[in-house]
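See below for the structure under consideration.
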Amino acid sequence: MSQPDGILGTHNGVDELRRVLPQADFVVVAVPLTSRNRNLFGPAEFACFKPGAGLVSIARHDVIDAAAMIDALQSGRLSGAVYDLENPDQVPCDPRMFTTRNLLILPHCLTNDPATFRENVIEVFFRNAAADLTGQALPTQVDPGREY
């Protein structure tokens, strides 16, 4: 279901993906990796993109089929992409990622600001500890049913 989202226009759910991709100049992917979202963007989805559209993905590695994304970039279907890449030593990746000119790769750890990372981790730890000690639900507890 499309939801009005002020200046950005709308945000849409997964079920509407193929319907709205041909309308989008830019697509921002910010979803957790779950069984439902694994390979959410594959060849069929990239074929639906408006020619020349851009992609920004801050989602986990397996949400985007990297080979299909690179094919779309090299064919011109996508004009460019920003991709959050996990450690390539731990997660196999398409070697074309490092030679595709219109692909900007960001290290997954970029989201952890080195200046504040330690303080943030400590703050989350103590928020969770305080909630646990008072019998409340942990603010950052993983929900196995949601897979994140």
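By order of appearance in the structure tokens: chains A, B, ..., then residues from 1 within every chain, and ligands from 1 in the order shown.
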Sorted per-residue table, range 18-60 of chain A near range 75-80 of chain A, closest atoms and distance, 12 Å, only C-alpha atoms, as a Markdown table:
```
| residue | atom | partner | partner_atom | distance |
| --- | --- | --- | --- | --- |
| A:Leu21 | CA | A:Leu78 | CA | 11.6 |
| A:Pro22 | CA | A:Arg77 | CA | 10.9 |
| A:Ala24 | CA | A:Leu78 | CA | 11.3 |
| A:Asp25 | CA | A:Leu78 | CA | 9.8 |
| A:Phe26 | CA | A:Leu78 | CA | 9.5 |
| A:Val27 | CA | A:Leu78 | CA | 10.4 |
| A:Pro43 | CA | A:Arg77 | CA | 11.2 |
| A:Glu45 | CA | A:Arg77 | CA | 11.2 |
| A:Phe46 | CA | A:Arg77 | CA | 7.6 |
| A:Ala47 | CA | A:Arg77 | CA | 7.6 |
| A:Cys48 | CA | A:Arg77 | CA | 9.2 |
| A:Phe49 | CA | A:Arg77 | CA | 7.0 |
| A:Lys50 | CA | A:Arg77 | CA | 7.2 |
| A:Pro51 | CA | A:Arg77 | CA | 4.6 |
| A:Gly52 | CA | A:Ser79 | CA | 4.5 |
| A:Ala53 | CA | A:Leu78 | CA | 5.1 |
| A:Gly54 | CA | A:Gly80 | CA | 5.1 |
| A:Leu55 | CA | A:Gly80 | CA | 6.5 |
| A:Val56 | CA | A:Gly80 | CA | 8.6 |
| A:Ser57 | CA | A:Gly80 | CA | 11.3 |
```
#### Entry: Near-range 92-109 of chain A list (10 Å; only C-alpha atoms; drop same-chain fewer than 5 positions) as number ranges by chain
A: 54-61, 65-67, 69-71, 73-74, 76, 78-87, 114
Print the selection's residues with N, CA and C atoms to a file, as a PDB file, in the first residue's frame.
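To be explicit, this is the file written out as part02.pdb:
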```pdb
ATOM      1  N   GLY A  54      18.425   5.441 -10.452  1.00  0.00           N
ATOM      2  CA  GLY A  54      19.521   5.199  -9.522  1.00  0.00           C
ATOM      3  C   GLY A  54      19.075   4.316  -8.373  1.00  0.00           C
ATOM      4  N   LEU A  55      20.046   3.637  -7.765  1.00  0.00           N
ATOM      5  CA  LEU A  55      19.782   2.739  -6.648  1.00  0.00           C
ATOM      6  C   LEU A  55      20.712   3.084  -5.495  1.00  0.00           C
ATOM      7  N   VAL A  56      20.154   3.142  -4.289  1.00  0.00           N
ATOM      8  CA  VAL A  56      20.937   3.274  -3.067  1.00  0.00           C
ATOM      9  C   VAL A  56      20.494   2.138  -2.161  1.00  0.00           C
ATOM     10  N   SER A  57      21.437   1.275  -1.789  1.00  0.00           N
ATOM     11  CA  SER A  57      21.097   0.160  -0.909  1.00  0.00           C
ATOM     12  C   SER A  57      21.938   0.211   0.350  1.00  0.00           C
ATOM     13  N   ILE A  58      21.247   0.321   1.483  1.00  0.00           N
ATOM     14  CA  ILE A  58      21.903   0.208   2.781  1.00  0.00           C
ATOM     15  C   ILE A  58      21.435  -1.069   3.477  1.00  0.00           C
ATOM     16  N   ALA A  59      20.842  -1.966   2.682  1.00  0.00           N
ATOM     17  CA  ALA A  59      20.364  -3.241   3.196  1.00  0.00           C
ATOM     18  C   ALA A  59      21.513  -4.242   3.257  1.00  0.00           C
ATOM     19  N   ARG A  60      21.266  -5.368   3.887  1.00  0.00           N
ATOM     20  CA  ARG A  60      22.278  -6.424   3.967  1.00  0.00           C
ATOM     21  C   ARG A  60      22.535  -7.016   2.587  1.00  0.00           C
ATOM     22  N   HIS A  61      23.675  -7.672   2.479  1.00  0.00           N
ATOM     23  CA  HIS A  61      24.213  -8.171   1.215  1.00  0.00           C
ATOM     24  C   HIS A  61      23.200  -8.964   0.383  1.00  0.00           C
ATOM     25  N   ASP A  65      20.571  -8.980  -5.448  1.00  0.00           N
ATOM     26  CA  ASP A  65      21.341  -9.916  -6.267  1.00  0.00           C
ATOM     27  C   ASP A  65      22.411  -9.069  -6.954  1.00  0.00           C
ATOM     28  N   ALA A  66      23.642  -9.144  -6.439  1.00  0.00           N
ATOM     29  CA  ALA A  66      24.716  -8.273  -6.909  1.00  0.00           C
ATOM     30  C   ALA A  66      24.999  -8.456  -8.393  1.00  0.00           C
ATOM     31  N   ALA A  67      24.979  -9.676  -8.883  1.00  0.00           N
ATOM     32  CA  ALA A  67      25.239  -9.908 -10.310  1.00  0.00           C
ATOM     33  C   ALA A  67      24.168  -9.229 -11.164  1.00  0.00           C
ATOM     34  N   MET A  69      22.378  -6.618 -10.265  1.00  0.00           N
ATOM     35  CA  MET A  69      22.588  -5.172 -10.142  1.00  0.00           C
ATOM     36  C   MET A  69      23.701  -4.717 -11.086  1.00  0.00           C
ATOM     37  N   ILE A  70      24.795  -5.458 -11.123  1.00  0.00           N
ATOM     38  CA  ILE A  70      25.916  -5.085 -11.982  1.00  0.00           C
ATOM     39  C   ILE A  70      25.515  -5.181 -13.449  1.00  0.00           C
ATOM     40  N   ASP A  71      24.765  -6.205 -13.807  1.00  0.00           N
ATOM     41  CA  ASP A  71      24.264  -6.311 -15.181  1.00  0.00           C
ATOM     42  C   ASP A  71      23.426  -5.085 -15.541  1.00  0.00           C
ATOM     43  N   LEU A  73      23.604  -2.115 -14.184  1.00  0.00           N
ATOM     44  CA  LEU A  73      24.505  -0.961 -14.263  1.00  0.00           C
ATOM     45  C   LEU A  73      25.260  -0.951 -15.593  1.00  0.00           C
ATOM     46  N   GLN A  74      25.780  -2.093 -15.989  1.00  0.00           N
ATOM     47  CA  GLN A  74      26.585  -2.162 -17.207  1.00  0.00           C
ATOM     48  C   GLN A  74      25.741  -2.009 -18.467  1.00  0.00           C
ATOM     49  N   GLY A  76      23.134  -0.023 -18.604  1.00  0.00           N
ATOM     50  CA  GLY A  76      22.550   1.314 -18.611  1.00  0.00           C
ATOM     51  C   GLY A  76      21.150   1.376 -18.033  1.00  0.00           C
ATOM     52  N   LEU A  78      20.379   0.906 -15.004  1.00  0.00           N
ATOM     53  CA  LEU A  78      20.654   1.769 -13.855  1.00  0.00           C
ATOM     54  C   LEU A  78      21.752   2.747 -14.251  1.00  0.00           C
ATOM     55  N   SER A  79      21.569   4.004 -13.892  1.00  0.00           N
ATOM     56  CA  SER A  79      22.615   4.986 -14.189  1.00  0.00           C
ATOM     57  C   SER A  79      23.729   4.934 -13.157  1.00  0.00           C
ATOM     58  N   GLY A  80      23.395   4.496 -11.962  1.00  0.00           N
ATOM     59  CA  GLY A  80      24.392   4.408 -10.902  1.00  0.00           C
ATOM     60  C   GLY A  80      23.795   3.747  -9.685  1.00  0.00           C
ATOM     61  N   ALA A  81      24.685   3.304  -8.810  1.00  0.00           N
ATOM     62  CA  ALA A  81      24.233   2.664  -7.581  1.00  0.00           C
ATOM     63  C   ALA A  81      25.235   2.925  -6.469  1.00  0.00           C
ATOM     64  N   VAL A  82      24.698   3.032  -5.265  1.00  0.00           N
ATOM     65  CA  VAL A  82      25.485   3.090  -4.036  1.00  0.00           C
ATOM     66  C   VAL A  82      25.119   1.818  -3.290  1.00  0.00           C
ATOM     67  N   TYR A  83      26.143   1.050  -2.920  1.00  0.00           N
ATOM     68  CA  TYR A  83      25.912  -0.292  -2.382  1.00  0.00           C
ATOM     69  C   TYR A  83      26.728  -0.492  -1.117  1.00  0.00           C
ATOM     70  N   ASP A  84      26.057  -0.900  -0.060  1.00  0.00           N
ATOM     71  CA  ASP A  84      26.677  -1.175   1.236  1.00  0.00           C
ATOM     72  C   ASP A  84      27.179  -2.611   1.212  1.00  0.00           C
ATOM     73  N   LEU A  85      28.496  -2.782   1.123  1.00  0.00           N
ATOM     74  CA  LEU A  85      29.086  -4.111   0.982  1.00  0.00           C
ATOM     75  C   LEU A  85      29.669  -4.583   2.297  1.00  0.00           C
ATOM     76  N   GLU A  86      29.250  -5.782   2.701  1.00  0.00           N
ATOM     77  CA  GLU A  86      29.851  -6.403   3.873  1.00  0.00           C
ATOM     78  C   GLU A  86      31.270  -6.827   3.526  1.00  0.00           C
ATOM     79  N   ASN A  87      31.995  -7.318   4.470  1.00  0.00           N
ATOM     80  CA  ASN A  87      33.380  -7.714   4.271  1.00  0.00           C
ATOM     81  C   ASN A  87      33.499  -8.716   3.122  1.00  0.00           C
ATOM     82  N   PRO A 114      33.220   5.996  14.119  1.00  0.00           N
ATOM     83  CA  PRO A 114      34.305   5.642  15.040  1.00  0.00           C
ATOM     84  C   PRO A 114      34.391   6.547  16.263  1.00  0.00           C
TER      85      PRO A 114
END
```
### Query
In terms of the shortest atom-to-atom distance over only C-alpha atoms, which of A:Val20, A:Leu138, A:Ile64, A:Ala131 is closest to Leu33 in chain A?
A:Ile64
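Our summary of the geometry notes that CA of Asn120 in chain A is positioned 22.6 Å from CA of Gly135 in chain A.
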#### Entry: range 35-37 of chain A environment, 10 Å, only C-alpha atoms, sequence neighbours closer than 4 positions dropped, as a list in words
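In the requested format, the answer is Val14, Val31, Phe41, Ala59, Arg60, Asp62, Val63, Ile64, Arg146 and Glu147 of chain A.
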Could you turn the residues from that selection into a file that holds C-alpha atoms, as an mmCIF file, in the first residue's frame?
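Wrote selection.cif, looks like this:
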```cif
data_model
loop_
_atom_site.group_PDB
_atom_site.id
_atom_site.type_symbol
_atom_site.label_atom_id
_atom_site.label_comp_id
_atom_site.auth_asym_id
_atom_site.auth_seq_id
_atom_site.Cartn_x
_atom_site.Cartn_y
_atom_site.Cartn_z
ATOM 1 C CA VAL A 14 7.392 -5.096 -0.929
ATOM 2 C CA VAL A 31 15.203 -3.450 4.752
ATOM 3 C CA PHE A 41 16.028 -7.268 -6.034
ATOM 4 C CA ALA A 59 20.364 -3.241 3.196
ATOM 5 C CA ARG A 60 22.278 -6.424 3.967
ATOM 6 C CA ASP A 62 21.693 -10.847 0.156
ATOM 7 C CA VAL A 63 18.753 -8.458 -0.282
ATOM 8 C CA ILE A 64 20.258 -7.396 -3.627
ATOM 9 C CA ARG A 146 10.314 -11.006 12.287
ATOM 10 C CA GLU A 147 13.838 -12.415 11.778
#
```
### Message
For the helix (DSSP H, G or I) assignment from backbone DSSP, which residues of range 62-139 of chain A qualify? Please present them as JSON, numbers by chain.
### Response
{"A": [62, 63, 66, 67, 68, 69, 70, 71, 72, 73, 74, 75, 95, 96, 97, 98, 108, 109, 110, 111, 117, 118, 119, 120, 121, 122, 123, 124, 125, 126, 127, 128, 129, 130, 131, 132, 133]}
Keeping only C-alpha atoms, take the residues you just selected and write them out as a PDB file, in the first residue's frame.
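So the final result, stored in result.pdb, reads:
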```pdb
ATOM      1  CA  ASP A  62      21.693 -10.847   0.156  1.00  0.00           C
ATOM      2  CA  VAL A  63      18.753  -8.458  -0.282  1.00  0.00           C
ATOM      3  CA  ALA A  66      24.716  -8.273  -6.909  1.00  0.00           C
ATOM      4  CA  ALA A  67      25.239  -9.908 -10.310  1.00  0.00           C
ATOM      5  CA  ALA A  68      21.822  -8.673 -11.490  1.00  0.00           C
ATOM      6  CA  MET A  69      22.588  -5.172 -10.142  1.00  0.00           C
ATOM      7  CA  ILE A  70      25.916  -5.085 -11.982  1.00  0.00           C
ATOM      8  CA  ASP A  71      24.264  -6.311 -15.181  1.00  0.00           C
ATOM      9  CA  ALA A  72      21.710  -3.486 -14.854  1.00  0.00           C
ATOM     10  CA  LEU A  73      24.505  -0.961 -14.263  1.00  0.00           C
ATOM     11  CA  GLN A  74      26.585  -2.162 -17.207  1.00  0.00           C
ATOM     12  CA  SER A  75      23.591  -2.226 -19.561  1.00  0.00           C
ATOM     13  CA  PRO A  95      34.513  -9.421  -8.787  1.00  0.00           C
ATOM     14  CA  ARG A  96      32.906  -6.998 -11.279  1.00  0.00           C
ATOM     15  CA  MET A  97      31.936  -4.881  -8.253  1.00  0.00           C
ATOM     16  CA  PHE A  98      35.434  -3.490  -8.176  1.00  0.00           C
ATOM     17  CA  HIS A 108      29.234  -1.911   5.880  1.00  0.00           C
ATOM     18  CA  CYS A 109      31.012  -0.529   8.941  1.00  0.00           C
ATOM     19  CA  LEU A 110      30.652   3.031   7.640  1.00  0.00           C
ATOM     20  CA  THR A 111      27.434   3.282   9.649  1.00  0.00           C
ATOM     21  CA  PHE A 117      30.722   3.865  18.387  1.00  0.00           C
ATOM     22  CA  ARG A 118      31.957   2.874  21.865  1.00  0.00           C
ATOM     23  CA  GLU A 119      29.604   5.316  23.617  1.00  0.00           C
ATOM     24  CA  ASN A 120      26.669   4.102  21.503  1.00  0.00           C
ATOM     25  CA  VAL A 121      27.369   0.446  22.307  1.00  0.00           C
ATOM     26  CA  ILE A 122      27.681   1.210  26.022  1.00  0.00           C
ATOM     27  CA  GLU A 123      24.463   3.254  25.981  1.00  0.00           C
ATOM     28  CA  VAL A 124      22.532   0.427  24.273  1.00  0.00           C
ATOM     29  CA  PHE A 125      23.988  -2.109  26.717  1.00  0.00           C
ATOM     30  CA  PHE A 126      22.889  -0.096  29.765  1.00  0.00           C
ATOM     31  CA  ARG A 127      19.418   0.628  28.313  1.00  0.00           C
ATOM     32  CA  ASN A 128      18.944  -3.115  27.805  1.00  0.00           C
ATOM     33  CA  ALA A 129      20.364  -3.939  31.253  1.00  0.00           C
ATOM     34  CA  ALA A 130      18.078  -1.400  32.960  1.00  0.00           C
ATOM     35  CA  ALA A 131      15.033  -2.766  31.131  1.00  0.00           C
ATOM     36  CA  ASP A 132      15.947  -6.345  32.037  1.00  0.00           C
ATOM     37  CA  LEU A 133      16.496  -5.479  35.710  1.00  0.00           C
TER      38      LEU A 133
END
```
### Query
Which value, in Å to one decimal, gives the distance between CA of Thr34 in chain A and CA of Thr116 in chain A?
28.3 Å
